[in-house]
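This is start06.pdb. It holds PDB, C-alpha atoms.
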```pdb
ATOM      1  CA  MET M   1      88.564 122.879  91.697  1.00  0.00           C
ATOM      2  CA  PHE M   2      87.967 119.148  91.547  1.00  0.00           C
ATOM      3  CA  ILE M   3      88.606 116.639  94.337  1.00  0.00           C
ATOM      4  CA  GLU M   4      91.180 115.055  92.020  1.00  0.00           C
ATOM      5  CA  GLN M   5      93.456 118.049  92.645  1.00  0.00           C
ATOM      6  CA  MET M   6      93.435 117.257  96.365  1.00  0.00           C
ATOM      7  CA  LEU M   7      94.292 113.563  95.929  1.00  0.00           C
ATOM      8  CA  PRO M   8      98.002 113.723  96.838  1.00  0.00           C
ATOM      9  CA  LYS M   9      97.191 114.911 100.358  1.00  0.00           C
ATOM     10  CA  ALA M  10      94.033 112.765 100.543  1.00  0.00           C
ATOM     11  CA  ARG M  11      96.072 109.643  99.730  1.00  0.00           C
ATOM     12  CA  GLU M  12      98.476 110.383 102.594  1.00  0.00           C
ATOM     13  CA  ARG M  13      95.558 110.349 105.030  1.00  0.00           C
ATOM     14  CA  LEU M  14      94.049 107.094 103.827  1.00  0.00           C
ATOM     15  CA  ALA M  15      94.027 104.347 106.452  1.00  0.00           C
ATOM     16  CA  LEU M  16      92.417 101.021 105.582  1.00  0.00           C
ATOM     17  CA  ILE M  17      91.319  98.077 107.686  1.00  0.00           C
ATOM     18  CA  GLY M  18      89.593  94.833 106.820  1.00  0.00           C
ATOM     19  CA  ALA M  19      86.017  94.242 107.943  1.00  0.00           C
ATOM     20  CA  THR M  20      87.041  91.147 109.896  1.00  0.00           C
ATOM     21  CA  ALA M  21      89.831  92.886 111.828  1.00  0.00           C
ATOM     22  CA  THR M  22      89.406  93.299 115.576  1.00  0.00           C
ATOM     23  CA  VAL M  23      88.618  96.514 117.411  1.00  0.00           C
ATOM     24  CA  LYS M  24      92.013  96.149 119.095  1.00  0.00           C
ATOM     25  CA  GLU M  25      93.720  96.160 115.678  1.00  0.00           C
ATOM     26  CA  ALA M  26      91.686  99.218 114.691  1.00  0.00           C
ATOM     27  CA  ALA M  27      92.718 100.995 117.894  1.00  0.00           C
ATOM     28  CA  GLY M  28      96.351 100.257 117.042  1.00  0.00           C
ATOM     29  CA  LEU M  29      95.946 101.859 113.608  1.00  0.00           C
ATOM     30  CA  MET M  30      94.117 104.841 115.085  1.00  0.00           C
ATOM     31  CA  SER M  31      96.969 105.465 117.512  1.00  0.00           C
ATOM     32  CA  ARG M  32      99.147 106.634 114.619  1.00  0.00           C
ATOM     33  CA  PRO M  33      99.407 110.425 114.191  1.00  0.00           C
ATOM     34  CA  HIS M  34      96.887 112.036 111.830  1.00  0.00           C
ATOM     35  CA  THR M  35      94.764 108.894 111.568  1.00  0.00           C
ATOM     36  CA  GLU M  36      91.292 110.164 112.297  1.00  0.00           C
ATOM     37  CA  LEU M  37      89.192 107.820 110.171  1.00  0.00           C
ATOM     38  CA  LEU M  38      89.585 104.205 109.120  1.00  0.00           C
ATOM     39  CA  VAL M  39      87.975 103.067 105.898  1.00  0.00           C
ATOM     40  CA  VAL M  40      86.701  99.537 106.305  1.00  0.00           C
ATOM     41  CA  CYS M  41      87.087  97.357 103.218  1.00  0.00           C
ATOM     42  CA  GLY M  42      85.557  94.040 102.219  1.00  0.00           C
ATOM     43  CA  ALA M  43      87.399  91.132 100.642  1.00  0.00           C
ATOM     44  CA  ASP M  44      87.134  92.747  97.190  1.00  0.00           C
ATOM     45  CA  GLY M  45      88.811  95.966  98.398  1.00  0.00           C
ATOM     46  CA  GLY M  46      85.588  97.958  98.170  1.00  0.00           C
ATOM     47  CA  ILE M  47      84.372 100.156 100.989  1.00  0.00           C
ATOM     48  CA  VAL M  48      81.874  98.604 103.384  1.00  0.00           C
ATOM     49  CA  GLY M  49      81.993 101.214 106.153  1.00  0.00           C
ATOM     50  CA  VAL M  50      84.050 103.665 108.181  1.00  0.00           C
ATOM     51  CA  LEU M  51      85.317 103.650 111.732  1.00  0.00           C
ATOM     52  CA  THR M  52      86.057 106.644 113.947  1.00  0.00           C
ATOM     53  CA  LYS M  53      87.812 107.011 117.270  1.00  0.00           C
ATOM     54  CA  THR M  54      84.393 107.542 118.833  1.00  0.00           C
ATOM     55  CA  ASP M  55      83.266 104.131 117.557  1.00  0.00           C
ATOM     56  CA  ILE M  56      86.347 102.468 119.023  1.00  0.00           C
ATOM     57  CA  ILE M  57      86.159 104.249 122.378  1.00  0.00           C
ATOM     58  CA  GLY M  58      82.489 103.373 122.680  1.00  0.00           C
ATOM     59  CA  GLN M  59      83.276  99.693 122.136  1.00  0.00           C
ATOM     60  CA  ILE M  60      86.229  99.711 124.529  1.00  0.00           C
ATOM     61  CA  CYS M  61      84.046 101.291 127.233  1.00  0.00           C
ATOM     62  CA  ARG M  62      81.708  98.303 126.899  1.00  0.00           C
ATOM     63  CA  CYS M  63      84.569  95.795 126.806  1.00  0.00           C
ATOM     64  CA  SER M  64      84.602  92.933 129.206  1.00  0.00           C
ATOM     65  CA  GLY M  65      86.623  89.804 128.654  1.00  0.00           C
ATOM     66  CA  GLN M  66      86.871  89.246 124.901  1.00  0.00           C
ATOM     67  CA  GLY M  67      84.782  92.382 124.061  1.00  0.00           C
ATOM     68  CA  CYS M  68      87.819  94.167 122.670  1.00  0.00           C
ATOM     69  CA  MET M  69      88.271  91.319 120.250  1.00  0.00           C
ATOM     70  CA  ALA M  70      84.974  92.186 118.554  1.00  0.00           C
ATOM     71  CA  ARG M  71      85.159  92.582 114.796  1.00  0.00           C
ATOM     72  CA  VAL M  72      85.301  95.992 113.180  1.00  0.00           C
ATOM     73  CA  ASP M  73      82.231  95.248 111.057  1.00  0.00           C
ATOM     74  CA  THR M  74      80.105  94.995 114.217  1.00  0.00           C
ATOM     75  CA  ILE M  75      80.708  98.633 115.223  1.00  0.00           C
ATOM     76  CA  MET M  76      81.478 100.465 111.963  1.00  0.00           C
ATOM     77  CA  THR M  77      79.200 102.990 110.286  1.00  0.00           C
ATOM     78  CA  ARG M  78      77.777 101.299 107.213  1.00  0.00           C
ATOM     79  CA  GLU M  79      76.063 104.244 105.532  1.00  0.00           C
ATOM     80  CA  VAL M  80      79.044 106.159 104.227  1.00  0.00           C
ATOM     81  CA  ILE M  81      78.951 109.572 102.589  1.00  0.00           C
ATOM     82  CA  SER M  82      81.735 109.687 100.006  1.00  0.00           C
ATOM     83  CA  CYS M  83      82.924 111.616  96.987  1.00  0.00           C
ATOM     84  CA  ALA M  84      84.683 110.911  93.694  1.00  0.00           C
ATOM     85  CA  PRO M  85      87.778 112.516  92.150  1.00  0.00           C
ATOM     86  CA  SER M  86      85.570 114.100  89.483  1.00  0.00           C
ATOM     87  CA  ASP M  87      83.359 115.893  92.045  1.00  0.00           C
ATOM     88  CA  LEU M  88      83.664 119.642  92.437  1.00  0.00           C
ATOM     89  CA  LEU M  89      85.223 120.649  95.745  1.00  0.00           C
ATOM     90  CA  HIS M  90      82.535 123.266  96.348  1.00  0.00           C
ATOM     91  CA  GLU M  91      79.785 120.635  96.054  1.00  0.00           C
ATOM     92  CA  VAL M  92      81.642 118.258  98.365  1.00  0.00           C
ATOM     93  CA  TRP M  93      82.088 121.093 100.859  1.00  0.00           C
ATOM     94  CA  LEU M  94      78.323 121.695 100.846  1.00  0.00           C
ATOM     95  CA  VAL M  95      77.750 118.023 101.731  1.00  0.00           C
ATOM     96  CA  ILE M  96      80.424 118.142 104.448  1.00  0.00           C
ATOM     97  CA  LYS M  97      78.852 121.271 105.929  1.00  0.00           C
ATOM     98  CA  GLU M  98      75.271 120.018 105.676  1.00  0.00           C
ATOM     99  CA  ARG M  99      76.061 116.653 107.285  1.00  0.00           C
ATOM    100  CA  GLY M 100      78.479 118.032 109.892  1.00  0.00           C
ATOM    101  CA  LEU M 101      81.321 115.811 108.684  1.00  0.00           C
ATOM    102  CA  LEU M 102      84.993 116.305 109.481  1.00  0.00           C
ATOM    103  CA  ARG M 103      86.282 113.865 106.848  1.00  0.00           C
ATOM    104  CA  ILE M 104      84.972 112.233 103.700  1.00  0.00           C
ATOM    105  CA  PRO M 105      86.404 109.232 101.841  1.00  0.00           C
ATOM    106  CA  VAL M 106      87.254 109.544  98.146  1.00  0.00           C
ATOM    107  CA  LEU M 107      86.270 106.479  96.109  1.00  0.00           C
ATOM    108  CA  ASP M 108      87.262 105.384  92.617  1.00  0.00           C
ATOM    109  CA  SER M 109      84.725 104.180  90.052  1.00  0.00           C
ATOM    110  CA  CYS M 110      84.774 100.663  91.591  1.00  0.00           C
ATOM    111  CA  SER M 111      83.965 101.975  95.115  1.00  0.00           C
ATOM    112  CA  ARG M 112      87.524 101.375  96.292  1.00  0.00           C
ATOM    113  CA  PRO M 113      88.936 104.018  98.654  1.00  0.00           C
ATOM    114  CA  ILE M 114      91.731 106.171  97.252  1.00  0.00           C
ATOM    115  CA  GLY M 115      91.916 108.959  99.829  1.00  0.00           C
ATOM    116  CA  ILE M 116      90.283 110.954 102.606  1.00  0.00           C
ATOM    117  CA  VAL M 117      89.495 114.664 102.315  1.00  0.00           C
ATOM    118  CA  TYR M 118      89.484 116.581 105.583  1.00  0.00           C
ATOM    119  CA  ALA M 119      87.023 119.448 105.983  1.00  0.00           C
ATOM    120  CA  ARG M 120      89.802 121.844 106.967  1.00  0.00           C
ATOM    121  CA  ASP M 121      91.700 121.065 103.745  1.00  0.00           C
ATOM    122  CA  ALA M 122      88.544 121.696 101.731  1.00  0.00           C
ATOM    123  CA  VAL M 123      88.067 125.069 103.416  1.00  0.00           C
ATOM    124  CA  GLN M 124      91.711 126.040 102.877  1.00  0.00           C
ATOM    125  CA  ASN M 125      91.513 125.173  99.179  1.00  0.00           C
ATOM    126  CA  LEU M 126      88.234 127.030  98.721  1.00  0.00           C
ATOM    127  CA  LEU M 127      89.684 130.057 100.514  1.00  0.00           C
ATOM    128  CA  GLY M 128      92.724 129.922  98.237  1.00  0.00           C
ATOM    129  CA  GLU M 129      90.432 129.971  95.195  1.00  0.00           C
ATOM    130  CA  VAL M 130      88.568 133.001  96.531  1.00  0.00           C
ATOM    131  CA  GLU M 131      91.818 134.840  97.272  1.00  0.00           C
ATOM    132  CA  ASN M 132      93.065 134.116  93.745  1.00  0.00           C
ATOM    133  CA  GLU M 133      89.804 135.367  92.215  1.00  0.00           C
ATOM    134  CA  GLU M 134      89.997 138.498  94.370  1.00  0.00           C
ATOM    135  CA  THR M 135      93.530 139.204  93.144  1.00  0.00           C
ATOM    136  CA  LEU M 136      92.519 138.707  89.512  1.00  0.00           C
ATOM    137  CA  LEU M 137      89.496 140.974  89.910  1.00  0.00           C
ATOM    138  CA  ARG M 138      91.540 143.684  91.645  1.00  0.00           C
ATOM    139  CA  ASP M 139      94.156 143.528  88.885  1.00  0.00           C
ATOM    140  CA  TYR M 140      91.433 143.762  86.246  1.00  0.00           C
ATOM    141  CA  VAL M 141      89.765 146.755  87.918  1.00  0.00           C
ATOM    142  CA  MET M 142      93.129 148.519  88.396  1.00  0.00           C
ATOM    143  CA  ASN M 143      94.025 147.765  84.772  1.00  0.00           C
ATOM    144  CA  VAL M 144      97.099 145.792  85.740  1.00  0.00           C
ATOM    145  CA  GLY M 145      98.369 143.334  83.131  1.00  0.00           C
ATOM    146  CA  TYR M 146      99.286 139.728  83.692  1.00  0.00           C
ATOM    147  CA  ARG M 147     102.047 139.066  86.151  1.00  0.00           C
TER     148      ARG M 147
END
```

Mind turning the file's structure into structure tokens?
Amino acid sequence: MFIEQMLPKARERLALIGATATVKEAAGLMSRPHTELLVVCGADGGIVGVLTKTDIIGQICRCSGQGCMARVDTIMTREVISCAPSDLLHEVWLVIKERGLLRIPVLDSCSRPIGIVYARDAVQNLLGEVENEETLLRDYVMNVGYR
């Protein structure tokens, strides 16, 4: 299975914010249900970083006066692990597992974000593939024809 097959759900989860937006604006976006990761974009629409709830909470804990008006690009994670629609889900899962990620942005060929794959969705899809292969193998061994 390719990441491309997961894009409909990944697109639903995509939340974007500009690099010059404030932490307060980011917190407002993060307050929406199922918004666990913000992809930070530059003026050209390309990814420049990501922002998590942990990043925002850490900044708010240090807030005093105008501290909550800090820009997103001052607290975001700049080194982003991402994937492409043409990547194999199994390979992306290995990266997710190795790096301990919960989510990974999907980027197009111009480094523009087009979705976010959640680790749990990756596992569910991989499990579905294994279950399908198991059924096919069982049918083959039991000499059952196509259904």

(request) Extract, using all atoms listed in the file, all DNA, RNA and protein residues at most 12 Å from M:Val23, discarding same-chain residues fewer than 2 positions from it, and format them as a PyMOL selection string. (result) chain M and resi 17-21+25-30+38+40+51-63+66-76

**Prompt:** Using all atoms listed in the file, which residues sit within 9 Å of stretch 120-126 of chain M once same-chain residues fewer than 5 positions away are excluded, as a list in words?
**Reply:** Met1, Ile3, Met6, Lys9, Leu89, His90, Val92, Trp93, Leu102, Arg103 and Glu131 of chain M

Draw an axis-aligned box over all listed atoms of stretch 9-26 of chain M, pad each side with 8 Å, and write its centre and edge lengths in Å, one decimal, as AutoDock Vina command-line options.
```
--center_x 92.2 --center_y 103.0 --center_z 109.4 --size_x 28.5 --size_y 39.8 --size_z 35.4
```

Atom CA of M:Ser111 to atom CA of M:Gln5, straight-line distance in Å =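 Between these atoms lies a distance of 18.8 Å.
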
re atom CA of M:Arg78 and atom CA of M:Val39: distance 10.4 Å

Q) Evaluating the PyMOL selection byres ((chain M and resi 109) around 10) on the displayed file yields which residues, as JSON, numbers by chain? A) {"M": [84, 85, 86, 107, 108, 110, 111, 112, 113]}

Expected file contents, prior selection, C-alpha atoms, as an mmCIF file, keeping the file's coordinate frame:
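Final output, saved to out_19.cif:
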```cif
data_model
loop_
_atom_site.group_PDB
_atom_site.id
_atom_site.type_symbol
_atom_site.label_atom_id
_atom_site.label_comp_id
_atom_site.auth_asym_id
_atom_site.auth_seq_id
_atom_site.Cartn_x
_atom_site.Cartn_y
_atom_site.Cartn_z
ATOM 1 C CA ALA M 84 84.683 110.911 93.694
ATOM 2 C CA PRO M 85 87.778 112.516 92.150
ATOM 3 C CA SER M 86 85.570 114.100 89.483
ATOM 4 C CA LEU M 107 86.270 106.479 96.109
ATOM 5 C CA ASP M 108 87.262 105.384 92.617
ATOM 6 C CA CYS M 110 84.774 100.663 91.591
ATOM 7 C CA SER M 111 83.965 101.975 95.115
ATOM 8 C CA ARG M 112 87.524 101.375 96.292
ATOM 9 C CA PRO M 113 88.936 104.018 98.654
#
```

Which is closest to M:Ile114 among M:Ile96, M:Ala10, M:Ala43, M:Leu37, if we use only C-alpha atoms?
->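 Smallest distance to M:Ile114 is found for M:Ala10.
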
### Message
Using all atoms listed in the file, list the residues that have an atom at most 12 Å from (97.0, 110.5, 101.0), coordinates as in the file, as a list in words.
### Response
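Within 12 Å of (97.0, 110.5, 101.0), the protein and nucleic acid residues are Glu4, Gln5, Met6, Leu7, Pro8, Lys9, Ala10, Arg11, Glu12, Arg13, Leu14, Ala15, Leu16, His34, Thr35, Pro105, Val106, Pro113, Ile114, Gly115, Ile116, Val117 and Tyr118 of chain M.
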
- Rounded to one decimal place, report the atom CA of M:Ser31-atom CA of M:Lys97 distance in Å.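 Going from atom CA of M:Ser31 over to atom CA of M:Lys97, I get 26.7 Å.
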